[in-house]
Each structure stands twice: as C-alpha cells, then as structure tokens.
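Chemist: One file: model.pdb (PDB, C-alpha atoms).
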ATOM      1  CA  MET A   1       0.000   0.000   0.000
ATOM      2  CA  THR A   2       3.008   2.296   0.323
ATOM      3  CA  VAL A   3       4.813   3.786  -2.643
ATOM      4  CA  GLY A   4       8.535   4.374  -2.926
ATOM      5  CA  GLN A   5       9.418   2.492   0.270
ATOM      6  CA  GLN A   6      11.231  -0.797   0.657
ATOM      7  CA  HIS A   7       9.399  -3.586   2.443
ATOM      8  CA  ASP A   8      10.780  -7.009   3.338
ATOM      9  CA  PRO A   9       7.848  -9.369   4.066
ATOM     10  CA  ASP A  10      10.228 -12.181   5.003
ATOM     11  CA  ARG A  11      11.754 -10.045   7.746
ATOM     12  CA  GLU A  12       8.321  -9.122   9.050
ATOM     13  CA  LEU A  13       7.195 -12.761   9.018
ATOM     14  CA  PHE A  14      10.373 -13.837  10.838
ATOM     15  CA  GLY A  15       9.834 -11.197  13.522
ATOM     16  CA  GLN A  16       6.208 -12.217  14.019
ATOM     17  CA  GLY A  17       7.286 -15.851  14.267
ATOM     18  CA  LEU A  18       9.779 -15.073  17.028
ATOM     19  CA  ALA A  19       7.158 -13.028  18.861
ATOM     20  CA  ASN A  20       4.601 -15.838  18.630
ATOM     21  CA  ILE A  21       7.164 -18.291  20.006
ATOM     22  CA  ALA A  22       7.995 -16.014  22.943
ATOM     23  CA  ALA A  23       4.465 -14.782  23.758
ATOM     24  CA  PRO A  24       3.065 -18.118  25.067
ATOM     25  CA  LEU A  25       5.951 -18.347  27.535
ATOM     26  CA  PHE A  26       4.445 -15.315  29.299
ATOM     27  CA  GLY A  27       0.783 -16.288  28.966
ATOM     28  CA  GLY A  28       0.228 -14.506  25.666
ATOM     29  CA  VAL A  29      -1.578 -15.756  22.561
ATOM     30  CA  PRO A  30      -0.284 -15.846  18.961
ATOM     31  CA  ALA A  31      -1.098 -12.779  16.887
ATOM     32  CA  THR A  32      -0.438 -11.398  13.459
ATOM     33  CA  GLY A  33      -0.405  -8.103  11.668
ATOM     34  CA  ALA A  34      -3.912  -6.878  10.856
ATOM     35  CA  ILE A  35      -4.620  -5.263   7.511
ATOM     36  CA  ALA A  36      -7.197  -2.948   9.101
ATOM     37  CA  ARG A  37      -4.695  -1.307  11.463
ATOM     38  CA  THR A  38      -2.069  -1.199   8.728
ATOM     39  CA  ALA A  39      -4.507   0.486   6.358
ATOM     40  CA  VAL A  40      -5.425   3.095   8.969
ATOM     41  CA  ASN A  41      -1.753   3.884   9.546
ATOM     42  CA  VAL A  42      -0.978   4.187   5.838
ATOM     43  CA  ARG A  43      -4.072   6.229   5.002
ATOM     44  CA  THR A  44      -3.332   8.694   7.806
ATOM     45  CA  GLY A  45       0.206   9.303   6.582
ATOM     46  CA  ALA A  46       2.358   6.868   8.545
ATOM     47  CA  SER A  47       5.791   6.413   6.954
ATOM     48  CA  SER A  48       7.880   4.318   9.352
ATOM     49  CA  ARG A  49       7.757   1.310  11.668
ATOM     50  CA  LEU A  50       7.358   3.724  14.560
ATOM     51  CA  ALA A  51       3.667   4.027  13.639
ATOM     52  CA  ALA A  52       3.036   0.353  14.434
ATOM     53  CA  LEU A  53       4.897   0.634  17.757
ATOM     54  CA  THR A  54       2.956   3.761  18.701
ATOM     55  CA  HIS A  55      -0.280   2.036  17.785
ATOM     56  CA  ALA A  56       0.585  -0.943  19.985
ATOM     57  CA  ALA A  57       1.587   1.305  22.903
ATOM     58  CA  ILE A  58      -1.678   3.273  22.732
ATOM     59  CA  LEU A  59      -3.725   0.073  22.590
ATOM     60  CA  ALA A  60      -1.860  -1.244  25.649
ATOM     61  CA  VAL A  61      -2.649   1.945  27.584
ATOM     62  CA  ILE A  62      -6.320   1.737  26.594
ATOM     63  CA  VAL A  63      -6.571  -1.935  27.604
ATOM     64  CA  PHE A  64      -4.951  -1.455  31.007
ATOM     65  CA  ALA A  65      -6.185   2.065  31.892
ATOM     66  CA  ALA A  66      -9.344   2.837  29.926
ATOM     67  CA  ALA A  67     -11.048  -0.507  29.380
ATOM     68  CA  PRO A  68     -14.212   0.461  31.367
ATOM     69  CA  LEU A  69     -14.670   3.591  29.276
ATOM     70  CA  VAL A  70     -14.093   1.797  25.957
ATOM     71  CA  SER A  71     -16.649  -0.870  26.920
ATOM     72  CA  LYS A  72     -19.353   1.816  26.938
ATOM     73  CA  ILE A  73     -18.831   2.692  23.258
ATOM     74  CA  PRO A  74     -21.857   1.389  21.280
ATOM     75  CA  LEU A  75     -21.112  -1.520  18.974
ATOM     76  CA  ALA A  76     -22.894   0.331  16.174
ATOM     77  CA  ALA A  77     -20.333   3.122  16.421
ATOM     78  CA  LEU A  78     -17.454   0.630  16.310
ATOM     79  CA  ALA A  79     -19.085  -1.080  13.339
ATOM     80  CA  GLY A  80     -19.283   2.248  11.529
ATOM     81  CA  VAL A  81     -15.586   2.866  12.124
ATOM     82  CA  LEU A  82     -14.734  -0.610  10.762
ATOM     83  CA  LEU A  83     -16.935  -0.118   7.694
ATOM     84  CA  ALA A  84     -15.297   3.227   6.954
ATOM     85  CA  THR A  85     -11.876   1.638   7.342
ATOM     86  CA  ALA A  86     -12.839  -1.242   5.054
ATOM     87  CA  ILE A  87     -14.124   1.112   2.362
ATOM     88  CA  ARG A  88     -10.911   3.120   2.471
ATOM     89  CA  MET A  89      -8.895  -0.091   2.087
ATOM     90  CA  VAL A  90     -10.531  -0.916  -1.251
ATOM     91  CA  GLU A  91      -8.687   0.407  -4.305
ATOM     92  CA  VAL A  92     -11.314   0.517  -7.035
ATOM     93  CA  GLY A  93      -8.783   1.080  -9.802
ATOM     94  CA  SER A  94      -6.841  -2.042  -8.839
ATOM     95  CA  LEU A  95     -10.023  -4.108  -8.700
ATOM     96  CA  ARG A  96     -11.067  -2.997 -12.167
ATOM     97  CA  ALA A  97      -7.611  -3.730 -13.551
ATOM     98  CA  MET A  98      -7.579  -7.246 -12.076
ATOM     99  CA  LEU A  99     -11.067  -8.032 -13.345
ATOM    100  CA  LYS A 100     -10.106  -6.913 -16.853
ATOM    101  CA  ALA A 101      -6.636  -8.512 -16.910
ATOM    102  CA  THR A 102      -7.308 -12.238 -17.352
ATOM    103  CA  ARG A 103      -9.998 -14.730 -16.455
ATOM    104  CA  SER A 104      -7.646 -16.324 -13.934
ATOM    105  CA  ASP A 105      -7.104 -13.041 -12.093
ATOM    106  CA  ALA A 106     -10.820 -12.331 -12.066
ATOM    107  CA  LEU A 107     -11.592 -15.846 -10.796
ATOM    108  CA  ILE A 108      -9.069 -15.588  -7.963
ATOM    109  CA  LEU A 109     -10.355 -12.154  -6.948
ATOM    110  CA  VAL A 110     -14.019 -13.168  -6.879
ATOM    111  CA  LEU A 111     -13.311 -16.510  -5.193
ATOM    112  CA  THR A 112     -11.230 -14.893  -2.442
ATOM    113  CA  ALA A 113     -13.864 -12.217  -1.834
ATOM    114  CA  VAL A 114     -16.681 -14.769  -1.599
ATOM    115  CA  ALA A 115     -14.616 -16.993   0.709
ATOM    116  CA  THR A 116     -13.892 -14.000   2.942
ATOM    117  CA  LEU A 117     -17.610 -13.336   3.374
ATOM    118  CA  ALA A 118     -18.665 -16.993   3.671
ATOM    119  CA  LEU A 119     -15.758 -18.267   5.810
ATOM    120  CA  ASP A 120     -13.096 -15.919   7.154
ATOM    121  CA  LEU A 121     -10.022 -14.051   5.966
ATOM    122  CA  VAL A 122      -7.519 -16.804   6.799
ATOM    123  CA  TYR A 123      -9.369 -19.500   4.842
ATOM    124  CA  ALA A 124      -9.979 -17.041   2.007
ATOM    125  CA  VAL A 125      -6.278 -16.271   1.693
ATOM    126  CA  ILE A 126      -5.412 -19.988   1.723
ATOM    127  CA  ILE A 127      -8.029 -20.765  -0.923
ATOM    128  CA  GLY A 128      -6.838 -17.871  -3.061
ATOM    129  CA  LEU A 129      -3.200 -19.003  -2.808
ATOM    130  CA  VAL A 130      -4.056 -22.614  -3.699
ATOM    131  CA  VAL A 131      -6.169 -21.629  -6.711
ATOM    132  CA  ALA A 132      -3.597 -19.086  -7.885
ATOM    133  CA  GLY A 133      -0.827 -21.687  -7.587
ATOM    134  CA  ALA A 134      -2.852 -24.257  -9.528
ATOM    135  CA  LEU A 135      -3.624 -21.783 -12.320
ATOM    136  CA  ALA A 136       0.010 -20.666 -12.468
ATOM    137  CA  LEU A 137       1.192 -24.277 -12.783
ATOM    138  CA  ARG A 138      -1.377 -24.857 -15.516
ATOM    139  CA  ALA A 139      -0.080 -21.839 -17.438
ATOM    140  CA  VAL A 140       3.546 -22.929 -17.048
ATOM    141  CA  ALA A 141       2.717 -26.495 -18.080
ATOM    142  CA  LYS A 142       1.156 -25.212 -21.306
ATOM    143  CA  GLN A 143       4.474 -23.590 -22.205
ATOM    144  CA  ALA A 144       6.137 -27.000 -22.434
ATOM    145  CA  ARG A 145       6.257 -28.133 -26.071
ATOM    146  CA  PHE A 146       7.183 -31.444 -27.636
ATOM    147  CA  ASP A 147       7.635 -30.891 -31.366
ATOM    148  CA  GLN A 148       8.883 -33.191 -34.093
ATOM    149  CA  VAL A 149      11.709 -31.560 -36.021
ATOM    150  CA  PRO A 150      13.177 -32.532 -39.426
ATOM    151  CA  LEU A 151      16.549 -34.258 -39.493
ATOM    152  CA  ASP A 152      19.471 -32.070 -40.434
ATOM    153  CA  ARG A 153      20.703 -33.170 -43.862
ATOM    154  CA  GLY A 154      24.340 -32.558 -42.919
ATOM    155  CA  ASP A 155      26.769 -34.550 -45.026
ATOM    156  CA  HIS A 156      24.212 -37.175 -46.085
ATOM    157  CA  THR A 157      23.140 -37.610 -49.669
ATOM    158  CA  ALA A 158      19.507 -37.133 -50.630
ATOM    159  CA  GLU A 159      19.023 -40.917 -50.767
ATOM    160  CA  GLU A 160      20.647 -41.484 -47.359
ATOM    161  CA  HIS A 161      18.671 -38.646 -45.858
ATOM    162  CA  ALA A 162      15.416 -40.168 -47.110
ATOM    163  CA  LEU A 163      16.361 -43.575 -45.699
ATOM    164  CA  LEU A 164      17.292 -42.055 -42.328
ATOM    165  CA  ALA A 165      14.025 -40.125 -42.234
ATOM    166  CA  GLU A 166      12.122 -43.385 -42.635
ATOM    167  CA  HIS A 167      13.652 -44.898 -39.489
ATOM    168  CA  ILE A 168      14.666 -41.943 -37.264
ATOM    169  CA  ILE A 169      12.447 -39.331 -35.655
ATOM    170  CA  ALA A 170      13.729 -36.306 -33.726
ATOM    171  CA  TYR A 171      11.812 -34.373 -31.084
ATOM    172  CA  ARG A 172      12.713 -31.038 -29.529
ATOM    173  CA  VAL A 173      11.547 -30.501 -25.943
ATOM    174  CA  ASP A 174      10.960 -26.805 -25.173
ATOM    175  CA  GLY A 175      10.186 -25.271 -21.787
ATOM    176  CA  PRO A 176       9.819 -26.852 -18.356
ATOM    177  CA  LEU A 177       9.464 -30.606 -17.971
ATOM    178  CA  PHE A 178       7.863 -31.093 -14.552
ATOM    179  CA  PHE A 179       4.919 -32.910 -13.028
ATOM    180  CA  ALA A 180       2.261 -30.651 -14.532
ATOM    181  CA  ALA A 181       3.430 -31.353 -18.095
ATOM    182  CA  ALA A 182       4.899 -34.827 -17.650
ATOM    183  CA  HIS A 183       1.733 -36.806 -18.411
ATOM    184  CA  ARG A 184       1.251 -35.170 -21.822
ATOM    185  CA  PHE A 185       4.938 -35.759 -22.589
ATOM    186  CA  LEU A 186       4.598 -39.464 -21.779
ATOM    187  CA  LEU A 187       1.533 -39.881 -23.979
ATOM    188  CA  GLU A 188       3.166 -38.222 -26.973
ATOM    189  CA  MET A 189       6.404 -40.154 -26.534
ATOM    190  CA  THR A 190       4.845 -43.605 -26.285
ATOM    191  CA  GLU A 191       2.607 -43.021 -29.329
ATOM    192  CA  VAL A 192       5.648 -42.973 -31.639
ATOM    193  CA  ALA A 193       5.337 -45.723 -34.273
ATOM    194  CA  ASP A 194       7.075 -47.090 -37.388
ATOM    195  CA  VAL A 195      10.550 -45.883 -36.394
ATOM    196  CA  ARG A 196      13.684 -47.562 -35.047
ATOM    197  CA  VAL A 197      15.405 -44.586 -33.351
ATOM    198  CA  VAL A 198      14.032 -41.592 -31.410
ATOM    199  CA  ILE A 199      16.300 -38.588 -30.793
ATOM    200  CA  LEU A 200      15.370 -36.243 -27.932
ATOM    201  CA  ARG A 201      16.869 -32.772 -28.218
ATOM    202  CA  MET A 202      17.060 -31.567 -24.597
ATOM    203  CA  SER A 203      19.019 -28.331 -24.961
ATOM    204  CA  ARG A 204      15.890 -26.160 -24.684
ATOM    205  CA  VAL A 205      14.484 -27.743 -21.531
ATOM    206  CA  SER A 206      14.424 -24.834 -19.080
ATOM    207  CA  THR A 207      13.805 -26.830 -15.889
ATOM    208  CA  MET A 208      13.081 -30.392 -14.831
ATOM    209  CA  ASP A 209      11.892 -31.941 -11.586
ATOM    210  CA  ALA A 210      12.049 -35.525 -10.330
ATOM    211  CA  THR A 211       8.603 -36.347 -11.728
ATOM    212  CA  GLY A 212       9.592 -35.157 -15.186
ATOM    213  CA  ALA A 213      12.783 -37.222 -15.010
ATOM    214  CA  LEU A 214      10.852 -40.320 -13.908
ATOM    215  CA  VAL A 215       8.405 -39.874 -16.781
ATOM    216  CA  LEU A 216      11.337 -39.560 -19.187
ATOM    217  CA  LYS A 217      12.817 -42.785 -17.809
ATOM    218  CA  ASP A 218       9.456 -44.551 -18.122
ATOM    219  CA  ALA A 219       9.068 -43.396 -21.732
ATOM    220  CA  VAL A 220      12.593 -44.557 -22.636
ATOM    221  CA  GLN A 221      11.983 -47.986 -21.104
ATOM    222  CA  LYS A 222       8.641 -48.387 -22.862
ATOM    223  CA  LEU A 223      10.149 -47.485 -26.235
ATOM    224  CA  ASN A 224      13.093 -49.821 -25.620
ATOM    225  CA  ARG A 225      10.703 -52.690 -24.928
ATOM    226  CA  ARG A 226       9.180 -52.022 -28.343
ATOM    227  CA  GLY A 227      12.625 -52.244 -29.952
ATOM    228  CA  ILE A 228      12.974 -48.469 -30.404
ATOM    229  CA  VAL A 229      16.319 -46.950 -29.377
ATOM    230  CA  VAL A 230      16.202 -43.554 -27.648
ATOM    231  CA  LEU A 231      19.132 -41.132 -28.034
ATOM    232  CA  THR A 232      19.495 -37.761 -26.311
ATOM    233  CA  SER A 233      21.466 -34.650 -27.145
ATOM    234  CA  GLY A 234      22.197 -31.351 -25.405
ATOM    235  CA  ILE A 235      21.468 -32.295 -21.787
ATOM    236  CA  ARG A 236      22.300 -29.250 -19.673
ATOM    237  CA  PRO A 237      24.564 -29.494 -16.600
ATOM    238  CA  GLY A 238      21.733 -28.332 -14.342
ATOM    239  CA  GLN A 239      19.556 -31.248 -15.476
ATOM    240  CA  ARG A 240      22.143 -33.971 -14.990
ATOM    241  CA  GLN A 241      21.702 -34.239 -11.232
ATOM    242  CA  VAL A 242      17.961 -34.876 -11.340
ATOM    243  CA  LEU A 243      18.349 -37.276 -14.282
ATOM    244  CA  ASP A 244      21.116 -39.124 -12.482
ATOM    245  CA  SER A 245      19.064 -39.389  -9.278
ATOM    246  CA  VAL A 246      16.333 -41.430 -11.018
ATOM    247  CA  GLY A 247      18.689 -43.504 -13.157
ATOM    248  CA  VAL A 248      18.049 -41.983 -16.575
ATOM    249  CA  LEU A 249      21.710 -41.165 -17.202
ATOM    250  CA  ASP A 250      22.761 -44.705 -16.365
ATOM    251  CA  LEU A 251      20.137 -46.004 -18.772
ATOM    252  CA  LEU A 252      21.412 -43.783 -21.576
ATOM    253  CA  GLN A 253      25.140 -43.988 -20.892
ATOM    254  CA  LEU A 254      25.087 -47.771 -20.556
ATOM    255  CA  GLU A 255      24.892 -48.166 -24.317
ATOM    256  CA  GLY A 256      26.367 -44.809 -25.305
ATOM    257  CA  ARG A 257      23.074 -43.189 -26.152
ATOM    258  CA  GLU A 258      23.830 -39.716 -24.804
ATOM    259  CA  TYR A 259      25.406 -37.172 -27.132
ATOM    260  CA  THR A 260      26.530 -33.584 -26.774
ATOM    261  CA  THR A 261      25.055 -32.282 -30.037
ATOM    262  CA  THR A 262      22.234 -33.305 -32.331
ATOM    263  CA  PRO A 263      24.490 -34.057 -35.374
ATOM    264  CA  GLU A 264      26.442 -36.479 -33.194
ATOM    265  CA  ALA A 265      23.177 -38.125 -32.156
ATOM    266  CA  ILE A 266      22.114 -38.452 -35.810
ATOM    267  CA  HIS A 267      25.421 -40.115 -36.688
ATOM    268  CA  GLY A 268      24.986 -42.407 -33.690
ATOM    269  CA  ALA A 269      21.513 -43.334 -34.912
ATOM    270  CA  ARG A 270      22.900 -44.028 -38.380
ATOM    271  CA  ASP A 271      25.603 -46.273 -36.933
ATOM    272  CA  HIS A 272      22.983 -48.177 -34.953
ATOM    273  CA  LEU A 273      20.867 -48.724 -38.047
ATOM    274  CA  GLU A 274      23.915 -49.954 -39.963
ATOM    275  CA  ARG A 275      24.919 -52.347 -37.167
ATOM    276  CA  THR A 276      21.432 -53.828 -37.002
ATOM    277  CA  GLY A 277      21.209 -54.110 -40.789
ATOM    278  CA  VAL A 278      18.159 -51.872 -41.082
ATOM    279  CA  LEU A 279      19.857 -49.219 -43.189
ATOM    280  CA  LEU A 280      21.526 -51.820 -45.417
ATOM    281  CA  ALA A 281      18.230 -53.585 -46.048
ATOM    282  CA  ALA A 282      16.547 -50.282 -46.804
ATOM    283  CA  ARG A 283      19.279 -49.382 -49.278
ATOM    284  CA  LYS A 284      18.915 -52.717 -51.065
ATOM    285  CA  SER A 285      15.172 -52.281 -51.199
ATOM    286  CA  ALA A 286      15.528 -48.780 -52.623
ATOM    287  CA  ARG A 287      18.119 -49.967 -55.141
ATOM    288  CA  ASN A 288      15.897 -52.858 -56.283
ATOM    289  CA  ALA A 289      12.957 -50.525 -56.656
ATOM    290  CA  THR A 290      15.080 -48.174 -58.772
ATOM    291  CA  GLU A 291      16.326 -51.035 -60.993
ATOM    292  CA  MET A 292      12.820 -52.379 -61.523
ATOM    293  CA  LYS A 293      11.654 -48.937 -62.446
ATOM    294  CA  GLU A 294      14.436 -48.570 -64.991
ATOM    295  CA  GLU A 295      13.759 -52.034 -66.523
ATOM    296  CA  THR A 296      10.049 -51.380 -66.910
ATOM    297  CA  PRO A 297       9.355 -50.750 -70.628
ATOM    298  CA  ARG A 298       7.710 -47.506 -71.495
TER     299      ARG A 298
END
I'd like the structure from this file rewritten - as structure tokens, please.
Modeler:
Amino acid sequence: MTVGQQHDPDRELFGQGLANIAAPLFGGVPATGAIARTAVNVRTGASSRLAALTHAAILAVIVFAAAPLVSKIPLAALAGVLLATAIRMVEVGSLRAMLKATRSDALILVLTAVATLALDLVYAVIIGLVVAGALALRAVAKQARFDQVPLDRGDHTAEEHALLAEHIIAYRVDGPLFFAAAHRFLLEMTEVADVRVVILRMSRVSTMDATGALVLKDAVQKLNRRGIVVLTSGIRPGQRQVLDSVGVLDLLQLEGREYTTTPEAIHGARDHLERTGVLLAARKSARNATEMKEETPR
C-alpha cells in the first residue's frame, strides 16, 4: 500500500514468528499483523515502523487504563468505524484492472472475496493461494512443447537422408518438464510408431523436476521394450543431477546413447541402423525398386 518504500515481508514474518514463540511463555496468545490497522496507519500518513509501535503502545494503555470507558462505546459506532476503514482499504482502480486482466485473475479475486464473506479471511487467503498456484502451474505447463523436427541433412546424400528419415524421428523438448506437463509428454512419446530410433533434443528444456525425469525414464523404457532406441542430445549441466538421481543417465550412458550435439546423435543413430542391418536392407530395397523402375518398358 506504500509507494517508494522498501518492504521485506520475510523479515516481518520472521519477527512475528519469534514473537509468537515467545508470547506463550508469558501467557500470551499468537497474533499477526492486521490489515485494518495497517490500512489506517498508511491512510493517515504513517511512513515508518514507529507508527506500528505507537499504535501498539496506545492500545496497551487503553486496555490497562481505559477498558471500562471503551466498553461503553456502542457496537454500532465501532461497526461504523470498521466499515469506513474497510471502504478506504478498497482500491477501485486495482479491482477494475484485475477483473479486466485475465480470467484467472478475475476468478481468484471473486473466489477470495466470496470466501472471505462466507468463511473468514484466513481460509480465504489460503483458498486464493491454492487456486492461484494451480492456475500458475497450468499456465507454465502449457508452455512445455514437444515438437517433431526434421533431421538435419548434414553430409548425407539425398538418398541417405530419405532412408534415415524413414527410421529416425527427432523431437525437440521446449520449456519446463515437470509434473504438470509430464503426463502429456509421456503420452506423446509412447505413441511414436514405425521408427527404429528416437532422438530427444534436450538443450531447450528450461527446468526439470524428479517427476519429469521419472516420466522420461518410463518413456525410454517403454520405447526400448518395443525395440525403439532412444538417443538424447544437449542435456544441460543443471539437469544432470535430477536425471542421475532417477537412473536416466545410467540407462542412456550404458549403451552410449547420450550425445553432446544433435548431429552427433544423428550419426549415432545411423551407426545403430547400420549395425542392425536396417539401413543396409533399406538401401537394397531402394536400389531394387530403382532397378525395376528402370527395366520397366515404357
């Protein structure tokens, strides 16, 4: 609510935590900062932490010295003061901006307001945080992309490139690979068909958690059981620890299926196809088809 002033919420939370630990030792009860008192201080021109201390000191004097007098104030008058304070706390411009920003912002705002009226402020804040976190994860998960990319022709001839394209498929993984996007990744990976080698280009993966690594391991194992070899390229140093913790690196390095660059992975895939005889058989088939075509009379 203040402008042009630094505020460290972590420091404030730490101080309140220490106070709530110490207060019960002297018969006190846990407390927290109240937005109503804060709003009154800010709206009346308070500019330092001294305002909160002064407020607390005055309340202590009233409680210990003027409690009988305060008890005679009509509740209707106190209610009017609270309503006026609440109205002054509302920033209409900010509300309009949030309602017009996105549907997610509008949903969180309305849901928190309704929960405040139906339940209480604490539950409303918790509900708002949970919903906001879920919507944020959903938005981040949508940024993860799993796109098939064409093989780089490199130093291959047109015929070799066509043969490689028939047996090798390359995918580029963009964005975060974590639990919110892992299920979609697994479905797309395991639906690969009619290929012998899958190359995963990992250089554009921004972040990865343990769930994403486990899903990657599961996908590799499922493809291996179908006779499809999975090669990877461009694994970042920051991703190696999480991949190593779930055993993905061991699975890939065991047979030399991890490469630094995509061209190296393509050459590795070509070598695998040659060792297994797939590329040789495809070349013979293509050569026979060409010869038959040439021998066919016009």
Chemist: Skip Lys217 of chain A itself and residues of its chain fewer than 6 positions away, then list as a list in words all residues within 8 Å of it, counting all atoms listed in the file.
Modeler: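 Near Lys217 of chain A, the qualifying residues are Val246, Gly247 and Val248 of chain A.
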Chemist: Would you please work out which residue, of A:Gln239, A:Gln221, A:Arg226, A:Val92, is nearest to Ser203 of chain A when using only C-alpha atoms?
Modeler: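 Among the listed residues, the smallest separation from Ser203 of chain A belongs to A:Gln239.
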Chemist: Under the rule that all atoms listed in the file are counted, which of A:Gly227, A:Gly234, A:Gly277, A:Gly93 is the nearest residue to Arg172 of chain A?
Modeler: A:Gly234
Chemist: Compile the contact shell of Leu109 of chain A as a ChimeraX atom specification: residues with an atom at most 9 Å away, counting all atoms listed in the file, same-chain residues fewer than 6 positions apart removed.
Modeler: /A:95,98-99,128
Chemist: I'd like the contact shell of Asn41 of chain A - 12 Å cut-off, all atoms listed in the file, skipping same-chain residues fewer than 2 positions apart - returned as an mmCIF file with C-alpha atoms, in the coordinates of the input.
Modeler:
data_model
loop_
_atom_site.group_PDB
_atom_site.id
_atom_site.type_symbol
_atom_site.label_atom_id
_atom_site.label_comp_id
_atom_site.auth_asym_id
_atom_site.auth_seq_id
_atom_site.Cartn_x
_atom_site.Cartn_y
_atom_site.Cartn_z
ATOM 1 C CA MET A 1 0.000 0.000 0.000
ATOM 2 C CA THR A 2 3.008 2.296 0.323
ATOM 3 C CA ALA A 34 -3.912 -6.878 10.856
ATOM 4 C CA ILE A 35 -4.620 -5.263 7.511
ATOM 5 C CA ALA A 36 -7.197 -2.948 9.101
ATOM 6 C CA ARG A 37 -4.695 -1.307 11.463
ATOM 7 C CA THR A 38 -2.069 -1.199 8.728
ATOM 8 C CA ALA A 39 -4.507 0.486 6.358
ATOM 9 C CA ARG A 43 -4.072 6.229 5.002
ATOM 10 C CA THR A 44 -3.332 8.694 7.806
ATOM 11 C CA GLY A 45 0.206 9.303 6.582
ATOM 12 C CA ALA A 46 2.358 6.868 8.545
ATOM 13 C CA SER A 47 5.791 6.413 6.954
ATOM 14 C CA SER A 48 7.880 4.318 9.352
ATOM 15 C CA ARG A 49 7.757 1.310 11.668
ATOM 16 C CA LEU A 50 7.358 3.724 14.560
ATOM 17 C CA ALA A 51 3.667 4.027 13.639
ATOM 18 C CA ALA A 52 3.036 0.353 14.434
ATOM 19 C CA LEU A 53 4.897 0.634 17.757
ATOM 20 C CA THR A 54 2.956 3.761 18.701
ATOM 21 C CA HIS A 55 -0.280 2.036 17.785
ATOM 22 C CA ALA A 56 0.585 -0.943 19.985
ATOM 23 C CA THR A 85 -11.876 1.638 7.342
ATOM 24 C CA ARG A 88 -10.911 3.120 2.471
ATOM 25 C CA MET A 89 -8.895 -0.091 2.087
#
